[in-house]
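Source file upload02.csv; content: CSV, C-alpha atoms.
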chain,number,residue,atom,x,y,z
A,1,MET,CA,-13.5,-18.4,-1.2
A,2,LYS,CA,-12.8,-16.3,1.9
A,3,ILE,CA,-14.6,-13.1,2.5
A,4,TRP,CA,-12.2,-10.4,3.7
A,5,LYS,CA,-13.4,-8.0,6.4
A,6,ASN,CA,-10.4,-5.6,6.1
A,7,ILE,CA,-10.2,-2.1,7.3
A,8,LEU,CA,-8.1,-1.5,4.2
A,9,LEU,CA,-8.2,2.3,4.3
A,10,THR,CA,-4.9,4.0,4.0
A,11,CYS,CA,-2.8,4.9,1.0
A,12,MET,CA,-0.8,1.9,1.9
A,13,MET,CA,-4.0,-0.1,2.1
A,14,LEU,CA,-2.4,-2.3,4.8
A,15,ALA,CA,-5.0,-2.2,7.6
A,16,VAL,CA,-6.6,-5.5,8.1
A,17,GLY,CA,-9.5,-7.2,10.0
A,18,PRO,CA,-10.9,-10.7,10.7
A,19,VAL,CA,-11.6,-13.2,8.0
A,20,VAL,CA,-14.6,-15.4,7.8
A,21,ALA,CA,-14.1,-18.7,6.0
A,22,GLN,CA,-17.2,-19.7,4.2
A,23,GLU,CA,-15.7,-22.2,1.8
A,24,GLU,CA,-12.4,-24.0,1.6
A,25,VAL,CA,-11.9,-23.0,-2.1
A,26,GLU,CA,-9.0,-20.7,-2.4
A,27,PRO,CA,-9.6,-17.3,-4.0
A,28,SER,CA,-8.1,-16.3,-7.3
A,29,ALA,CA,-5.5,-13.5,-7.4
A,30,ASP,CA,-8.0,-11.1,-9.0
A,31,GLU,CA,-10.7,-12.0,-6.4
A,32,LEU,CA,-8.2,-11.1,-3.6
A,33,LEU,CA,-7.4,-7.8,-5.3
A,34,ALA,CA,-11.1,-7.1,-5.9
A,35,CYS,CA,-11.8,-7.6,-2.2
A,36,MET,CA,-8.9,-5.3,-1.2
A,37,ARG,CA,-10.3,-2.6,-3.6
A,38,GLU,CA,-13.8,-2.9,-2.2
A,39,MET,CA,-12.7,-2.5,1.3
A,40,THR,CA,-10.9,0.7,0.5
A,41,VAL,CA,-14.3,2.5,0.1
A,42,SER,CA,-16.6,0.4,2.3
A,43,GLN,CA,-15.5,1.4,5.8
A,44,GLY,CA,-17.0,4.9,5.9
A,45,ASN,CA,-15.2,8.2,6.8
A,46,LYS,CA,-11.7,7.8,8.3
A,47,ASP,CA,-9.1,10.3,9.4
A,48,VAL,CA,-5.5,9.2,10.4
A,49,ALA,CA,-2.2,10.9,10.8
A,50,GLY,CA,1.5,10.0,10.9
A,51,ARG,CA,4.8,10.7,9.4
A,52,ILE,CA,7.3,9.6,6.7
A,53,ARG,CA,10.7,9.2,8.3
A,54,LYS,CA,14.0,9.0,6.5
A,55,GLY,CA,16.9,9.2,9.0
A,56,LYS,CA,16.4,12.4,10.9
A,57,LEU,CA,14.0,13.8,8.4
A,58,LYS,CA,10.4,13.5,9.5
A,59,ILE,CA,7.6,14.6,7.2
A,60,PRO,CA,4.1,14.9,8.8
A,61,PHE,CA,1.2,13.6,6.8
A,62,SER,CA,-2.5,12.9,7.2
A,63,LEU,CA,-5.1,11.2,5.1
A,64,SER,CA,-8.9,11.3,5.1
A,65,VAL,CA,-11.2,8.8,3.5
A,66,ARG,CA,-14.5,10.2,2.2
A,67,GLY,CA,-16.5,7.8,0.0
A,68,ASP,CA,-14.4,7.0,-3.0
A,69,THR,CA,-11.8,9.6,-2.4
A,70,ILE,CA,-8.6,9.3,-0.2
A,71,ALA,CA,-7.1,12.8,0.4
A,72,PHE,CA,-3.4,12.9,1.4
A,73,GLN,CA,-1.7,15.9,2.9
A,74,TYR,CA,2.0,16.2,3.7
A,75,LYS,CA,4.1,19.1,5.0
A,76,GLU,CA,7.0,20.4,3.0
A,77,ALA,CA,8.9,23.6,3.7
A,78,ASP,CA,6.4,24.7,6.3
A,79,ALA,CA,3.5,24.4,3.8
A,80,TRP,CA,0.9,21.6,3.5
A,81,LYS,CA,0.5,20.0,0.1
A,82,ARG,CA,-2.3,17.7,-1.0
A,83,PHE,CA,-3.1,15.1,-3.6
A,84,ASP,CA,-6.1,12.8,-3.8
A,85,VAL,CA,-6.7,9.2,-5.0
A,86,ARG,CA,-10.1,9.0,-6.6
A,87,ILE,CA,-11.2,5.4,-6.7
A,88,LYS,CA,-13.2,4.0,-9.7
A,89,GLU,CA,-14.3,0.5,-10.5
A,90,GLU,CA,-11.2,-0.5,-12.5
A,91,LYS,CA,-8.7,2.2,-11.8
A,92,ALA,CA,-7.6,4.9,-9.3
A,93,ASP,CA,-6.8,8.4,-10.6
A,94,LEU,CA,-4.2,10.6,-8.8
A,95,ILE,CA,-5.2,14.2,-8.5
A,96,ARG,CA,-3.1,17.2,-7.4
A,97,VAL,CA,-5.0,19.8,-5.5
A,98,GLU,CA,-3.4,23.2,-5.7
A,99,ASN,CA,-4.9,26.6,-4.7
A,100,GLY,CA,-8.3,24.9,-4.5
A,101,LYS,CA,-8.1,23.4,-8.0
A,102,ALA,CA,-8.0,19.7,-8.8
A,103,VAL,CA,-5.7,18.6,-11.7
A,104,VAL,CA,-5.3,15.1,-12.9
A,105,MET,CA,-1.7,14.0,-12.3
A,106,ALA,CA,0.3,13.1,-15.3
A,107,PRO,CA,1.6,9.5,-15.3
A,108,SER,CA,5.2,10.9,-15.5
A,109,GLN,CA,4.7,12.3,-12.1
A,110,TYR,CA,3.7,9.0,-10.4
A,111,SER,CA,7.3,8.2,-9.5
A,112,GLN,CA,8.2,11.7,-8.2
A,113,THR,CA,9.4,11.5,-4.6
A,114,ILE,CA,7.8,13.4,-1.8
A,115,ALA,CA,9.4,16.1,0.4
A,116,GLY,CA,13.0,14.7,0.2
A,117,THR,CA,12.0,11.1,1.1
A,118,ASP,CA,12.2,8.0,-1.1
A,119,VAL,CA,8.4,7.7,-1.0
A,120,CYS,CA,6.6,8.6,-4.2
A,121,TYR,CA,3.0,9.2,-5.2
A,122,GLU,CA,2.6,5.8,-6.6
A,123,ASP,CA,3.9,4.2,-3.4
A,124,LEU,CA,1.2,5.9,-1.3
A,125,SER,CA,-1.6,5.3,-3.8
A,126,LEU,CA,-0.8,1.6,-4.3
A,127,ARG,CA,-2.1,2.0,-7.9
A,128,PHE,CA,-1.3,-1.6,-8.7
A,129,LEU,CA,-4.3,-2.8,-6.8
A,130,TYR,CA,-6.3,-1.9,-9.9
A,131,TRP,CA,-4.2,-3.9,-12.3
A,132,GLN,CA,-5.9,-7.0,-13.8
A,133,GLY,CA,-4.5,-10.4,-14.7
A,134,GLY,CA,-3.0,-11.3,-11.3
A,135,GLN,CA,-1.8,-14.9,-10.7
A,136,MET,CA,-1.1,-16.9,-7.6
A,137,VAL,CA,2.5,-18.0,-7.5
A,138,ASP,CA,4.2,-20.8,-5.6
A,139,VAL,CA,7.4,-19.6,-3.9
A,140,GLY,CA,7.7,-22.5,-1.5
A,141,ASP,CA,8.9,-21.7,2.0
A,142,ASP,CA,9.2,-18.1,1.0
A,143,SER,CA,5.4,-17.8,1.2
A,144,ARG,CA,5.7,-17.5,5.0
A,145,ILE,CA,6.1,-14.0,6.4
A,146,LYS,CA,6.6,-13.6,10.2
A,147,GLY,CA,5.7,-17.2,10.6
A,148,ARG,CA,2.4,-16.7,8.8
A,149,ASP,CA,1.1,-18.7,5.8
A,150,CYS,CA,0.4,-16.3,2.9
A,151,TYR,CA,-1.1,-16.3,-0.5
A,152,VAL,CA,1.5,-14.9,-2.9
A,153,VAL,CA,-0.1,-12.8,-5.7
A,154,GLN,CA,1.8,-11.5,-8.7
A,155,VAL,CA,0.3,-8.8,-10.9
A,156,PRO,CA,1.7,-7.4,-14.2
A,157,ASN,CA,1.6,-3.7,-15.0
A,158,PRO,CA,-0.9,-3.4,-18.0
A,159,THR,CA,1.1,-0.3,-19.1
A,160,PRO,CA,4.7,-1.1,-18.3
A,161,LYS,CA,6.0,2.3,-19.4
A,162,VAL,CA,3.8,4.0,-16.8
A,163,GLY,CA,5.0,4.1,-13.2
A,164,GLN,CA,8.1,2.5,-11.6
A,165,PHE,CA,7.2,-1.2,-11.6
A,166,ALA,CA,6.7,-3.7,-14.4
A,167,TRP,CA,5.1,-6.1,-11.9
A,168,VAL,CA,4.5,-6.5,-8.2
A,169,ARG,CA,4.3,-9.4,-5.8
A,170,MET,CA,2.2,-9.4,-2.6
A,171,TRP,CA,2.1,-11.6,0.4
A,172,VAL,CA,-1.4,-11.8,1.9
A,173,ASP,CA,-2.0,-13.6,5.2
A,174,LYS,CA,-4.3,-16.6,4.5
A,175,GLU,CA,-6.0,-16.3,7.9
A,176,ASN,CA,-6.5,-12.6,8.6
A,177,GLY,CA,-5.9,-10.8,5.3
A,178,THR,CA,-2.8,-8.8,6.3
A,179,THR,CA,-0.6,-7.7,3.4
A,180,TRP,CA,2.7,-8.3,5.1
A,181,GLN,CA,5.0,-7.6,2.2
A,182,ILE,CA,4.9,-6.0,-1.3
A,183,ASP,CA,7.8,-6.3,-3.8
A,184,GLY,CA,8.0,-4.1,-6.8
A,185,TYR,CA,10.1,-5.2,-9.8
A,186,GLY,CA,11.5,-3.3,-12.8
A,187,ALA,CA,11.3,-4.4,-16.4
A,188,ASP,CA,14.7,-6.1,-16.0
A,189,GLY,CA,13.2,-8.5,-13.4
A,190,LYS,CA,15.1,-7.0,-10.5
A,191,LEU,CA,13.6,-6.0,-7.2
A,192,LYS,CA,13.3,-2.2,-7.0
A,193,LYS,CA,11.4,-1.6,-3.8
A,194,ARG,CA,10.1,-3.7,-0.9
A,195,PHE,CA,7.3,-2.6,1.5
A,196,SER,CA,6.9,-4.6,4.7
A,197,ILE,CA,4.9,-4.2,7.9
A,198,THR,CA,7.1,-4.1,10.9
A,199,SER,CA,4.4,-3.5,13.6
A,200,VAL,CA,0.6,-3.5,13.9
A,201,GLN,CA,-2.0,-2.2,16.4
A,202,ARG,CA,-5.3,-3.8,17.3
A,203,LEU,CA,-8.6,-2.0,17.9
A,204,SER,CA,-11.4,-3.0,20.2
A,205,ASP,CA,-13.5,-4.3,17.4
A,206,GLY,CA,-10.9,-7.0,16.7
A,207,SER,CA,-9.6,-5.4,13.6
A,208,TRP,CA,-5.9,-4.7,12.9
A,209,PHE,CA,-4.1,-1.6,11.5
A,210,PHE,CA,-0.5,-1.2,10.6
A,211,LYS,CA,1.6,0.9,13.0
A,212,GLN,CA,4.8,1.0,11.0
A,213,MET,CA,5.7,0.1,7.5
A,214,LYS,CA,9.3,-0.1,6.1
A,215,LEU,CA,10.2,0.9,2.6
A,216,GLU,CA,13.5,-0.4,1.2
A,217,VAL,CA,15.0,1.0,-2.1
A,218,ARG,CA,17.2,-1.7,-3.6
A,219,ASN,CA,20.5,-1.2,-5.5
A,220,PRO,CA,19.8,-1.5,-9.3
A,221,GLN,CA,23.0,-3.4,-9.8
A,222,ASN,CA,22.6,-5.6,-6.7
A,223,PRO,CA,19.0,-5.9,-5.7
A,224,ASP,CA,20.0,-7.8,-2.5
A,225,ARG,CA,21.4,-4.6,-1.2
A,226,THR,CA,19.2,-1.8,0.3
A,227,ILE,CA,20.5,1.6,-0.6
A,228,ALA,CA,17.8,3.8,1.0
A,229,LEU,CA,15.4,3.2,3.9
A,230,ASP,CA,12.2,5.0,4.9
A,231,TYR,CA,9.5,4.4,7.4
A,232,LEU,CA,5.8,5.2,7.3
A,233,GLU,CA,4.6,5.5,10.9
A,234,MET,CA,1.0,6.0,12.0
A,235,ASP,CA,-0.2,7.6,15.2
A,236,ASP,CA,-2.4,5.5,17.5
A,237,LEU,CA,-5.9,5.1,16.1
A,238,PRO,CA,-8.9,6.0,18.2
A,239,ASP,CA,-10.0,2.8,19.9
A,240,LYS,CA,-13.7,3.1,19.2
A,241,LYS,CA,-16.1,1.2,21.4
If you convert what's in this file into structure tokens, what do you get?
Amino acid sequence: MKIWKNILLTCMMLAVGPVVAQEEVEPSADELLACMREMTVSQGNKDVAGRIRKGKLKIPFSLSVRGDTIAFQYKEADAWKRFDVRIKEEKADLIRVENGKAVVMAPSQYSQTIAGTDVCYEDLSLRFLYWQGGQMVDVGDDSRIKGRDCYVVQVPNPTPKVGQFAWVRMWVDKENGTTWQIDGYGADGKLKKRFSITSVQRLSDGSWFFKQMKLEVRNPQNPDRTIALDYLEMDDLPDKK
């Protein structure tokens, strides 16, 4: 299989790095997900900042990676709010931090949107990376994103009544590990949300990190139509030598 050297560190988990091919055997879906999870906590301490943009609305946010915890902060009504993603071997817990106290977030809150945007807590945490039973799927020519050959991984929600998606489909670059696109589907089999990288930035160590990600909310009656559009935009990362 391929060994992924990702910088996968943000809530979006879409930073990527070089891939070293040691064998020609293709990885399984669960092996790909396991590598992505491992890279979330294997890159040391990180601090990044950016914004969620919906039309003229811009919501500043920041995140910090400390061991197995990713802390998110976002500004709403002139006040900073925080929630954490605490990563465990087979799941990720979402934790609200209010007045210095940490409270486990109820599953019913996962799909609550943040600060007037269409981005919810589950979107930022990418909780589905911890689902089991993923499968590689053959989507023909649709496996290419931005001219890149991708593995297409489909993962079912083990608890379909928790969260907004019954299953998700991910496009992972075969050469460099970039997750170019993520589609979330409802129980009716219709596309609900699409996440896609629109631009990336490269660091001096040869690794890549997303610069902008687009989030499309689809019409429940006509999933080919986008009814809301948000962008997650990252500030330039320090180019460490």
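Distances from A:Gln112, A:Trp171, A:Met105, A:Lys46 to Asp142 in chain A were compared using only C-alpha atoms, and the smallest one belongs to A:Trp171.
Relative to CA of Leu94 in chain A, CA of Ser111 in chain A is found at 11.8 Å.
With only C-alpha atoms as the atoms that count, the residue of A:Asp93, A:Phe195, A:Lys174, A:Gln109 with the shortest distance to Gly147 in chain A is A:Lys174.
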List the neighbours of Ala166 in chain A out to 8 Å using all atoms listed in the file; skip same-chain residues closer than 4 positions along the sequence, and give me the result as a PDB file with C-alpha atoms, in the coordinates of the input.
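Result file follows (around_39.pdb):
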ATOM      1  CA  PRO A 156       1.700  -7.400 -14.200  1.00  0.00           C
ATOM      2  CA  ASN A 157       1.600  -3.700 -15.000  1.00  0.00           C
ATOM      3  CA  PRO A 160       4.700  -1.100 -18.300  1.00  0.00           C
ATOM      4  CA  LYS A 161       6.000   2.300 -19.400  1.00  0.00           C
ATOM      5  CA  GLY A 184       8.000  -4.100  -6.800  1.00  0.00           C
ATOM      6  CA  TYR A 185      10.100  -5.200  -9.800  1.00  0.00           C
ATOM      7  CA  GLY A 186      11.500  -3.300 -12.800  1.00  0.00           C
ATOM      8  CA  ALA A 187      11.300  -4.400 -16.400  1.00  0.00           C
TER       9      ALA A 187
END
*Between CA of Ala92 in chain A and CA of Leu229 in chain A, distance in Å (one decimal)*: 26.6 Å
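Around Ile59 in chain A, within 7 Å and counting only C-alpha atoms, the residues found are A:Arg51, A:Ile52, A:Arg53, A:Tyr74, A:Lys75, once anything fewer than 4 positions away on its own chain is removed.
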How about saving the chosen residues, C-alpha atoms kept, as a compact mmCIF listing (two decimals), in the coordinates of the input?
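Written output follows (out.txt):
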# COMPACT_ATOMS: atom_id res chain seq x y z
CA ARG A 51 4.80 10.70 9.40
CA ILE A 52 7.30 9.60 6.70
CA ARG A 53 10.70 9.20 8.30
CA TYR A 74 2.00 16.20 3.70
CA LYS A 75 4.10 19.10 5.00
